[in-house]
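Notes follow once the structure below has been shown.
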Amino acid sequence: MQKSLTIIGIFLCLVLQGCDDQQDQEDMMMTNDTLAVSLCDYFDGRGTPNERMLAHYILARTYIDMDEIPLALEELQKVVASADTTAADCDRRLLARVHRQMNMLQEQPSESSYLYLWLVLSGFFVLCIGSVLLLSKKRDGKEKADLPQKDDSVESSVYEKMTETEAYLRFKDLSKHPQQSITKEDWASLEAMVDEYLPDFRKKVDPSHSMKDADYRICMLIRLRFSPSEIAVFLDITLQNLYSRRKQLLSNVFHVTGKPQEFDQFIQEL
């Protein structure tokens with residue numbers, strides 16, 4: 001492991017020597033976050049402030065390419081935190097560029113904004129359809145039977161019931177008090193609750209019961225719609241680690257190569 005980190009360090013040192021002008025730094029991107037994360041780990045413990053800045057900047061650009069904007073913003077903030085503005089050799093050009101990119105990313109509409117817009121538009125169309133149906137009933141002079149519930153209504157009902165359980169509420173409380181420890185009994189209660197309300201869930205994600213406990217817990221928490229940041233706290237791992245695990249689980253469980261968000265979508269549809 002030490003030898004690997006040394007090789008990584010030598011690699012980034014060579015990169016740093018070749019990135020003296022603004023254009024070279026602007027083009028430093030990677031399509032995979034594994035090496036970029038390793039570079040940050042290496043230089044956080046050994047590098048100069050400028051080396052740490054560039055390492056986290058490379059990881060931020062990688063996350064931008066991967067469309068992981070929250071993670072990219074987190075890394076850009078680490079660039080700013082790594083800067084030694086009192087030093088004469090402080091890379092102020094990179095620092096200025098980081099501030100511009102943070103402003104641009106923060107101005108982009110978030111996923112929650114798109115979700116809110118979608119909910120508003122959906123509600124509007126539902127209201128219009130409901131009005132048309134009501135007028136049609138009045139015109140016919142009789143009340144028609146209600147249409148059968150859709151699958152998403154059934155799913156919503158099951159999810160609402162799960163959110164009322166003691167096991168779910170315990171984890172919701174833990175998300176607000178991360179200093180509290182999660183016990184084996186907490187995990188056992190959560191798994192028992194999922195088995196009760198979603199009896200086929202385990203069979204679908206882990207038919208051979210060979211999945212690691214941590215990976216199955218990720219599946220359960222995603223199914224219960226906990227956010228990535230909450231899940232990372234529950235499992236005591238970084239967001240980068242959770243990102244990699246979800247990506248790997250997408251391949252292992254569904255045999256698909258893609259982004260972690262696709263894994264989340266598949267899990268929530270089970």
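Letters A, B, ... go to the chains of the structure tokens in the order shown; residues in each chain start at 1; ligands are counted from 1 in the same order.
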* **Within 10 Å of Ile64 of chain A using only C-alpha atoms, minus same-chain residues under 4 positions, as a PyMOL selection string** => chain A and resi 29+31+58-60+68-73+105
Margin query: Give me, as a count of residues only, all polymer residues having an atom no more than 9 Å from Val80 of chain A, counting only C-alpha atoms and skipping those fewer than 5 positions away in the same chain.
Written below: 5
Residue with the minimum atom-to-atom distance to Lys203 of chain A, picked from A:Ala87, A:Leu270, A:Arg170, A:Val126 with only C-alpha atoms counted, is A:Leu270
Shortest contact to Ala214 of chain A, candidates A:Phe234, A:Tyr243, A:Phe266, A:Phe254, atoms counted only C-alpha atoms, goes to A:Phe234
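Note that the spacing between atom CA of Gln268 of chain A and atom CA of Arg223 of chain A amounts to 4.8 Å.
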- Task: Would you kindly return, as a PyMOL selection string, each protein, DNA or RNA residue with an atom no farther than 12 Å from any atom of Thr34 of chain A, considering only C-alpha atoms and excluding same-chain residues fewer than 3 positions away?
- Result: chain A and resi 8+30-31+37-41+58-59+62-63+240-241+243-245+247
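Nearest to Val233 of chain A of all the residues A:Val256, A:Ala167, A:Leu174, A:Leu190 is A:Leu174, based on only C-alpha atoms.
The residue that comes closest to Leu249 of chain A, out of A:Tyr57, A:Tyr168, A:Phe263, A:Trp187 and on the basis of only C-alpha atoms, is A:Phe263.
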